>>> print(open('data.cif').read())   # mmCIF, C-alpha atoms and all ligand atoms
data_entry
loop_
_atom_site.label_atom_id
_atom_site.label_comp_id
_atom_site.auth_asym_id
_atom_site.auth_seq_id
_atom_site.Cartn_x
_atom_site.Cartn_y
_atom_site.Cartn_z
CA MET A 1 -78.13 -4.58 -23.79
CA THR A 2 -74.59 -3.38 -23.36
CA ASP A 3 -72.20 -4.39 -20.61
CA THR A 4 -69.95 -1.38 -20.98
CA ILE A 5 -71.69 0.79 -18.41
CA ASN A 6 -68.50 1.56 -16.44
CA LEU A 7 -66.29 2.31 -19.42
CA PRO A 8 -65.75 5.83 -20.73
CA GLN A 9 -67.92 6.52 -23.75
CA VAL A 10 -65.15 7.91 -25.96
CA LEU A 11 -67.16 8.33 -29.15
CA SER A 12 -70.18 10.62 -29.38
CA ASP A 13 -73.48 9.14 -30.59
CA SER A 14 -72.94 10.72 -33.99
CA GLU A 15 -69.44 9.22 -34.25
CA VAL A 16 -70.83 5.78 -33.41
CA GLU A 17 -73.46 6.29 -36.10
CA GLN A 18 -70.77 7.43 -38.55
CA PHE A 19 -68.73 4.28 -37.90
CA TRP A 20 -71.64 1.92 -38.61
CA GLU A 21 -72.65 3.97 -41.66
CA GLN A 22 -69.20 4.35 -43.23
CA GLY A 23 -67.56 1.18 -41.88
CA TYR A 24 -64.43 2.97 -40.74
CA PHE A 25 -63.39 5.73 -38.39
CA LEU A 26 -60.13 7.52 -37.63
CA VAL A 27 -59.65 7.50 -33.85
CA LYS A 28 -57.56 10.60 -33.20
CA GLY A 29 -54.71 10.82 -30.73
CA VAL A 30 -54.73 7.30 -29.32
CA PHE A 31 -51.05 7.84 -28.62
CA SER A 32 -49.33 11.18 -27.97
CA LYS A 33 -46.81 12.51 -30.51
CA GLU A 34 -43.97 11.44 -28.19
CA GLU A 35 -45.33 7.91 -27.83
CA ALA A 36 -45.87 7.66 -31.59
CA GLU A 37 -42.28 8.75 -32.16
CA TYR A 38 -41.10 6.09 -29.73
CA TYR A 39 -42.98 3.33 -31.60
CA ARG A 40 -41.90 4.68 -34.97
CA ASN A 41 -38.27 4.33 -33.89
CA LEU A 42 -38.87 0.95 -32.29
CA ILE A 43 -40.35 -0.35 -35.55
CA LEU A 44 -37.75 1.26 -37.82
CA GLY A 45 -35.11 -0.29 -35.56
CA LEU A 46 -36.25 -3.72 -36.77
CA ILE A 47 -34.84 -2.97 -40.22
CA PRO A 48 -31.24 -4.13 -40.59
CA PRO A 49 -29.00 -1.04 -41.06
CA ASN A 50 -27.41 -2.61 -44.14
CA LEU A 51 -30.92 -3.05 -45.65
CA ASP A 52 -30.39 -6.78 -46.09
CA ILE A 53 -34.01 -7.86 -45.72
CA PRO A 54 -34.38 -11.27 -44.03
CA GLU A 55 -35.63 -14.01 -46.38
CA HIS A 56 -38.79 -14.62 -44.36
CA TRP A 57 -39.97 -10.96 -44.45
CA HIS A 58 -42.30 -9.82 -47.18
CA VAL A 59 -41.62 -6.80 -49.38
CA ALA A 60 -43.77 -5.54 -52.26
CA SER A 61 -44.11 -2.14 -53.94
CA GLY A 62 -42.13 -0.42 -51.21
CA ARG A 63 -44.15 -2.04 -48.42
CA ILE A 64 -42.04 -3.97 -45.94
CA LYS A 65 -43.75 -6.52 -43.70
CA PRO A 66 -41.27 -7.66 -41.06
CA HIS A 67 -41.80 -11.16 -39.69
CA PHE A 68 -40.92 -11.99 -36.11
CA THR A 69 -40.12 -15.58 -37.06
CA PRO A 70 -40.74 -17.40 -40.36
CA GLY A 71 -44.51 -17.55 -40.87
CA ASN A 72 -45.26 -15.39 -37.82
CA HIS A 73 -45.81 -11.66 -38.35
CA THR A 74 -46.98 -10.89 -34.80
CA TYR A 75 -44.63 -8.59 -32.86
CA ASP A 76 -45.49 -9.22 -29.22
CA SER A 77 -42.13 -8.95 -27.47
CA PRO A 78 -42.35 -6.88 -24.23
CA ASP A 79 -41.67 -3.55 -26.00
CA PHE A 80 -44.68 -4.10 -28.25
CA ILE A 81 -47.11 -5.31 -25.57
CA PRO A 82 -48.42 -1.78 -24.73
CA LEU A 83 -49.83 -1.54 -28.26
CA PHE A 84 -52.21 -4.42 -27.52
CA GLN A 85 -53.57 -2.86 -24.34
CA ASN A 86 -54.13 0.81 -25.15
CA GLU A 87 -57.01 1.93 -22.93
CA LYS A 88 -58.49 4.54 -25.23
CA LEU A 89 -58.65 2.25 -28.25
CA TYR A 90 -60.01 -0.53 -26.06
CA ALA A 91 -62.79 1.75 -24.80
CA VAL A 92 -63.71 2.76 -28.36
CA VAL A 93 -63.93 -0.87 -29.49
CA ALA A 94 -65.87 -1.89 -26.35
CA GLN A 95 -68.32 0.91 -27.05
CA LEU A 96 -68.84 -0.23 -30.65
CA LEU A 97 -68.99 -3.98 -29.92
CA GLN A 98 -71.14 -3.35 -26.82
CA SER A 99 -69.02 -5.60 -24.61
CA HIS A 100 -66.06 -5.02 -22.35
CA ARG A 101 -64.91 -8.65 -22.73
CA LEU A 102 -62.62 -8.34 -25.72
CA ARG A 103 -59.52 -10.00 -27.13
CA SER A 104 -56.83 -8.16 -29.07
CA PHE A 105 -54.53 -9.83 -31.59
CA ASP A 106 -52.52 -9.52 -34.84
CA GLY A 107 -49.68 -7.10 -34.01
CA SER A 108 -48.19 -7.14 -37.50
CA ILE A 109 -46.29 -4.22 -38.95
CA GLY A 110 -46.30 -2.42 -42.28
CA ILE A 111 -43.63 0.06 -43.32
CA THR A 112 -44.24 1.69 -46.70
CA VAL A 113 -41.29 3.55 -48.18
CA ARG A 114 -41.53 5.84 -51.17
CA ASN A 115 -42.14 4.16 -54.49
CA ASP A 116 -41.91 6.26 -57.67
CA ASP A 117 -42.98 3.41 -59.93
CA GLN A 118 -46.51 2.41 -61.06
CA ARG A 119 -47.67 6.03 -61.08
CA ASP A 120 -50.91 5.08 -62.80
CA ASN A 121 -52.16 3.23 -59.75
CA SER A 122 -52.69 4.53 -56.22
CA ARG A 123 -53.20 1.13 -54.59
CA SER A 124 -50.49 -1.49 -54.36
CA GLN A 125 -52.80 -4.26 -53.13
CA THR A 126 -56.11 -5.66 -54.40
CA LEU A 127 -59.10 -4.70 -52.25
CA HIS A 128 -59.90 -7.52 -49.82
CA ILE A 129 -61.43 -8.18 -46.43
CA ASP A 130 -59.73 -9.88 -43.47
CA ALA A 131 -62.88 -11.09 -41.69
CA SER A 132 -62.77 -13.31 -38.60
CA VAL A 133 -65.14 -15.74 -40.35
CA PRO A 134 -63.68 -19.03 -41.59
CA THR A 135 -63.79 -19.59 -45.35
CA ASP A 136 -65.21 -23.09 -44.89
CA LEU A 137 -68.53 -21.45 -43.93
CA ASP A 138 -70.89 -20.51 -46.72
CA ASN A 139 -72.00 -17.21 -45.30
CA PHE A 140 -71.49 -14.60 -42.63
CA LEU A 141 -73.89 -14.39 -39.67
CA PHE A 142 -74.04 -10.57 -39.81
CA THR A 143 -74.41 -10.37 -36.01
CA LEU A 144 -72.63 -7.93 -33.71
CA LYS A 145 -70.92 -10.85 -31.93
CA GLU A 146 -69.30 -11.86 -35.21
CA VAL A 147 -67.84 -8.44 -35.95
CA GLN A 148 -64.09 -8.04 -35.68
CA LEU A 149 -62.79 -4.48 -35.56
CA GLY A 150 -59.28 -4.02 -36.84
CA GLY A 151 -57.02 -1.50 -38.40
CA CYS A 152 -53.77 0.26 -37.87
CA PHE A 153 -51.92 2.74 -35.73
CA TYR A 154 -50.11 5.36 -37.74
CA PHE A 155 -46.78 6.22 -36.15
CA THR A 156 -45.97 8.80 -38.81
CA ASP A 157 -48.11 11.57 -40.28
CA VAL A 158 -49.78 10.11 -43.37
CA GLN A 159 -50.53 12.80 -45.93
CA PRO A 160 -52.42 12.23 -49.21
CA ASP A 161 -50.56 9.71 -51.41
CA GLY A 162 -48.40 8.90 -48.39
CA GLY A 163 -49.18 5.17 -48.27
CA GLY A 164 -52.34 5.38 -46.15
CA ILE A 165 -54.66 2.38 -46.05
CA HIS A 166 -57.44 2.52 -48.67
CA VAL A 167 -61.08 1.83 -47.76
CA VAL A 168 -64.45 1.89 -49.53
CA PRO A 169 -66.77 4.29 -47.68
CA GLY A 170 -69.88 2.22 -46.83
CA GLY A 171 -68.21 -0.83 -48.42
CA HIS A 172 -69.02 -3.16 -45.50
CA ARG A 173 -72.72 -2.68 -46.32
CA ILE A 174 -72.09 -3.57 -49.97
CA VAL A 175 -70.30 -6.76 -48.84
CA GLU A 176 -73.23 -7.55 -46.54
CA SER A 177 -75.94 -7.02 -49.14
CA GLU A 178 -74.10 -8.97 -51.87
CA SER A 179 -73.41 -11.83 -49.43
CA ARG A 180 -76.96 -11.94 -48.07
CA ALA A 181 -78.26 -12.25 -51.63
CA ASP A 182 -76.17 -15.38 -52.29
CA PRO A 183 -76.31 -18.64 -50.28
CA GLN A 184 -72.55 -18.91 -50.88
CA GLY A 185 -71.96 -15.29 -49.90
CA ARG A 186 -68.73 -15.98 -47.99
CA HIS A 187 -67.15 -17.23 -51.21
CA LEU A 188 -67.93 -14.34 -53.53
CA HIS A 189 -64.94 -12.59 -55.13
CA ASN A 190 -62.61 -15.44 -54.24
CA ASP A 191 -63.65 -15.45 -50.56
CA TRP A 192 -63.60 -11.63 -50.75
CA LYS A 193 -59.84 -11.57 -51.27
CA GLN A 194 -60.11 -10.22 -54.85
CA ILE A 195 -62.55 -7.29 -54.95
CA HIS A 196 -62.26 -5.50 -58.28
CA HIS A 197 -65.59 -3.72 -58.66
CA LEU A 198 -65.37 -1.06 -55.91
CA GLN A 199 -63.62 2.31 -55.67
CA SER A 200 -61.47 3.17 -52.66
CA VAL A 201 -60.19 6.27 -50.88
CA GLU A 202 -57.07 6.74 -48.77
CA VAL A 203 -57.30 7.19 -44.99
CA THR A 204 -54.87 9.96 -44.11
CA GLY A 205 -54.03 10.71 -40.49
CA GLU A 206 -51.46 11.86 -37.98
CA ALA A 207 -48.91 10.02 -35.92
CA GLY A 208 -50.77 8.53 -32.93
CA ASP A 209 -54.11 8.01 -34.74
CA PHE A 210 -55.76 4.63 -35.33
CA ALA A 211 -57.69 3.85 -38.54
CA LEU A 212 -60.45 1.51 -37.31
CA LEU A 213 -62.23 -0.73 -39.84
CA HIS A 214 -65.27 -3.03 -39.78
CA HIS A 215 -64.15 -6.55 -40.75
CA LEU A 216 -66.36 -6.53 -43.84
CA MET A 217 -64.67 -3.33 -45.07
CA PRO A 218 -62.86 -3.83 -48.39
CA HIS A 219 -59.40 -2.32 -47.99
CA GLY A 220 -55.89 -2.43 -49.37
CA ALA A 221 -52.41 -0.98 -49.07
CA SER A 222 -51.37 1.97 -51.25
CA HIS A 223 -48.21 3.30 -52.80
CA ASN A 224 -46.32 5.97 -50.90
CA ARG A 225 -45.29 8.86 -53.14
CA ARG A 226 -43.88 10.96 -50.32
CA PRO A 227 -40.49 11.08 -48.60
CA THR A 228 -41.82 9.99 -45.18
CA ALA A 229 -41.99 6.22 -44.75
CA ARG A 230 -45.43 5.22 -43.47
CA VAL A 231 -44.98 3.28 -40.24
CA ALA A 232 -48.05 1.31 -39.10
CA GLN A 233 -48.95 -1.49 -36.73
CA PHE A 234 -52.07 -3.63 -37.21
CA LEU A 235 -54.38 -4.75 -34.44
CA ARG A 236 -57.69 -6.59 -34.33
CA TYR A 237 -60.32 -6.95 -31.63
CA VAL A 238 -63.20 -9.36 -31.18
CA ARG A 239 -65.60 -10.12 -28.33
CA ASP A 240 -64.66 -13.15 -26.22
CA ASP A 241 -68.01 -14.72 -27.20
CA HIS A 242 -67.14 -14.55 -30.90
CA PRO A 243 -69.21 -17.29 -32.60
CA HIS A 244 -66.31 -18.69 -34.66
CA GLY A 245 -63.83 -18.90 -31.79
CA ALA A 246 -61.66 -15.90 -32.67
CA GLY A 247 -62.06 -14.69 -29.05
CA SER A 248 -61.08 -17.88 -27.29
CA LYS A 249 -58.19 -17.93 -24.87
CA PRO A 250 -54.85 -18.83 -26.46
CA ALA A 251 -53.13 -22.02 -25.34
CA ALA A 252 -51.47 -21.77 -21.91
CA GLY A 253 -47.76 -20.97 -22.02
CA LEU A 254 -47.94 -18.75 -25.11
CA TYR A 255 -46.36 -15.83 -23.23
CA ASN A 256 -43.16 -15.91 -21.22
CA GLU A 257 -42.51 -14.10 -17.93
CA LEU A 258 -41.10 -10.98 -19.57
CA GLN A 259 -44.09 -10.60 -21.85
CA ILE A 260 -46.50 -11.11 -18.95
CA ALA A 261 -44.56 -8.58 -16.85
CA ALA A 262 -45.18 -6.00 -19.60
CA MET A 263 -48.95 -6.59 -19.50
CA SER A 264 -51.36 -4.43 -17.53
CA ASP A 265 -54.42 -5.95 -15.82
CA LEU A 266 -56.36 -5.08 -18.97
CA GLY A 267 -53.63 -6.50 -21.21
CA ARG A 268 -53.64 -9.86 -19.42
CA LYS A 269 -57.36 -10.14 -20.13
CA LEU A 270 -57.16 -8.88 -23.71
CA LEU A 271 -54.36 -11.32 -24.48
CA GLY A 272 -56.11 -14.20 -22.72
CA VAL A 273 -53.60 -14.73 -19.91
CA ASP A 274 -56.28 -13.95 -17.28
CA PRO A 275 -59.98 -14.73 -17.59
CA TRP A 276 -62.43 -11.89 -18.05
O1 LIG A 301 -50.59 -1.78 -45.26
C1 LIG A 301 -51.78 -1.45 -45.42
O2 LIG A 301 -52.14 -0.26 -45.48
C2 LIG A 301 -52.86 -2.48 -45.50
C3 LIG A 301 -52.34 -3.88 -45.46
C4 LIG A 301 -53.40 -4.95 -45.49
O3 LIG A 301 -54.57 -4.72 -45.49
C5 LIG A 301 -52.98 -6.35 -45.46
O4 LIG A 301 -51.78 -6.64 -45.63
O5 LIG A 301 -53.86 -7.24 -45.30
FE FE A 302 -55.82 -6.47 -45.12
#
>>> encode(input="data.cif", output="C-alpha cells", more="lines below")
Ligand SMILES: O=C(O)CCC(=O)C(=O)O
Ligand SMILES: [Fe+2]
Amino acid sequence: MTDTINLPQVLSDSEVEQFWEQGYFLVKGVFSKEEAEYYRNLILGLIPPNLDIPEHWHVASGRIKPHFTPGNHTYDSPDFIPLFQNEKLYAVVAQLLQSHRLRSFDGSIGITVRNDDQRDNSRSQTLHIDASVPTDLDNFLFTLKEVQLGGCFYFTDVQPDGGGIHVVPGGHRIVESESRADPQGRHLHNDWKQIHHLQSVEVTGEAGDFALLHHLMPHGASHNRRPTARVAQFLRYVRDDHPHGAGSKPAAGLYNELQIAAMSDLGRKLLGVDPW
C-alpha cells in the first residue's frame, strides 16, 4: 500500500510504467527557465575567474567537479538548500517509491566544458552504478525500500553530444538479472563500478529538467562537443526506512542556523533536521 495519498500524482500511470521499464525518466520543467538560469550562474560563480582550479577539486576530460571542502563534494550552503527540497521532484520520487517519508542527499556538481579531444569516444567515464547498497553485502535485496532514485538537474540546455549523462535503457533490469543469478551479485564487474559490456545513450534535456535514474542504472559522464558548458547538480533520494541505513537522520548539529533558515518544512524533514 502507498502512503502518498495526499501528494499530487505528478506522473501519469504510463510514465510510472515507463520509469520502471526503462530505469530512467526525464522530469520536465522542475525549475522554470529563470530559476535554472539563477542556479547556472550560482554554480558557475564557484569557478575562480582566473581558472586556477583548487587542488581538492576534480577535473577530467573537461568535467569539473567542485568540492566544497577537501573530500566533501556536497554543496549545501543556504543558496543551494532549495535544490534539496524541490516540491515537484519530491512528489515524483514519493510517487515512485510509494512513500512520502524520504531523505534527499548528495548535492554534488558537475560542469562539463567543451572537449575537442578523444573524438572516437562519446563517454568520458566508465559505466557504473552508484547504488545505496554497501559493497560488503554479497547481493542486493531488490525491494522497493532498497531503491535509491538519483540523477541530475540540468541548468543548461543539453543538446546531443552536449555532455548529457549516459544511461542504458532497461539497464537496471540487466543488473538485477545478472546479480540474481550470482550469489555474489553485488560484486560483479568490480562491484558494478566497471561495466564494459553494455551500450549507452545520452539523456538530452532542457534547463530546469531533472534526469531521474534507478540506482541500478548503469550510467556515466560524456564528453561535451558543444560550446555550452553543461551545468548539472546531482541529488539522490531514499525512503527513511531504507534497509541499509541510507535514510537515517544525520547526526545532530550537521546544519547551522543559516542553513536551517533556508529550509522549508519539507526541507527540514528531507534533510533530517525534523522527524517525519
Ligand atoms: O556528470 C555526469 O553526467 C555523470 C557523473 C557520474 O555519474 C558520477 O560522477 O558518478
Ligand atoms: Fe555516477
>>> atom_distance(input="data.cif", atom1="atom CA of A:Ile53", atom2="atom CA of A:Gln85")
29.4 Å
>>> residues_around(input="data.cif", residues="A:Asp116", least_positions_apart="5", cutoff="10 Å", atoms="all atoms listed in the file", output="VMD selection string")
chain A and resid 61 to 62 223 to 226
>>> residues_around(input="data.cif", residues="stretch 159-168 of chain A", least_positions_apart="6", cutoff="7 Å", atoms="all atoms listed in the file", output="list in words")
Thr112, Gln199, Ser200, Val201, Glu202, Val203, Thr204, Gly205, Met217, Pro218, His219, Gly220, Ala221, Ser222, His223, Asn224, Arg225, Arg226 and Arg230 of chain A
>>> closest_residue(input="data.cif", among="A:Lys249, A:His73, A:Arg236, A:Arg123", to="A:Phe210", atoms="all atoms listed in the file")
A:Arg236
>>> residues_around(input="data.cif", residues="A:Lys28", least_positions_apart="2", cutoff="6 Å", atoms="all atoms listed in the file", output="MDAnalysis selection string")
chainID A and resid 26 30 209
>>> closest_residue(input="data.cif", among="A:Ser108, A:Gln259, A:Asn139, A:Thr228", to="ligand FE 302 (chain A)", atoms="only C-alpha atoms and all ligand atoms")
A:Ser108
>>> axis_aligned_box(input="data.cif", around="stretch 27-32 of chain A", padding_each_side="6 Å", output="AutoDock Vina command-line options")
--center_x -54.5 --center_y 9.2 --center_z -30.9 --size_x 22.3 --size_y 15.9 --size_z 17.9
>>> closest_residue(input="data.cif", among="A:Asn115, A:Ser248, A:Thr135, A:Ser12", to="A:Val92", atoms="only C-alpha atoms")
A:Ser12
>>> residues_around(input="data.cif", residues="A:Phe68", least_positions_apart="2", cutoff="10 Å", atoms="all atoms listed in the file", output="ChimeraX atom specification")
/A:46,56-57,65-66,70-77,108-109
>>> closest_residue(input="data.cif", among="A:Glu87, A:Glu15, A:Asp106, A:Glu35", to="ligand LIG 301 (chain A)", atoms="all atoms listed in the file")
A:Asp106
>>> closest_residue(input="data.cif", among="A:Asn6, A:Ser264, A:Thr156, A:Ser122", to="A:Ala36", atoms="only C-alpha atoms")
A:Thr156
>>> closest_residue(input="data.cif", among="A:Leu141, A:Ala229, A:Val113, A:Leu102", to="A:Lys269", atoms="all atoms listed in the file")
A:Leu102
>>> atom_distance(input="data.cif", atom1="atom CA of A:Trp276", atom2="atom CA of A:Tyr24")
27.2 Å
>>> residues_around(input="data.cif", residues="A:Cys152", least_positions_apart="3", cutoff="6 Å", atoms="all atoms listed in the file", output="list in words")
Phe210, Ala211, Ala232, Gln233 and Phe234 of chain A
>>> write_last_selection(input="data.cif", atoms="C-alpha atoms", output="PDB file, keeping the file's coordinate frame")
ATOM      1  CA  PHE A 210     -55.760   4.630 -35.330  1.00  0.00           C
ATOM      2  CA  ALA A 211     -57.690   3.850 -38.540  1.00  0.00           C
ATOM      3  CA  ALA A 232     -48.050   1.310 -39.100  1.00  0.00           C
ATOM      4  CA  GLN A 233     -48.950  -1.490 -36.730  1.00  0.00           C
ATOM      5  CA  PHE A 234     -52.070  -3.630 -37.210  1.00  0.00           C
TER       6      PHE A 234
END
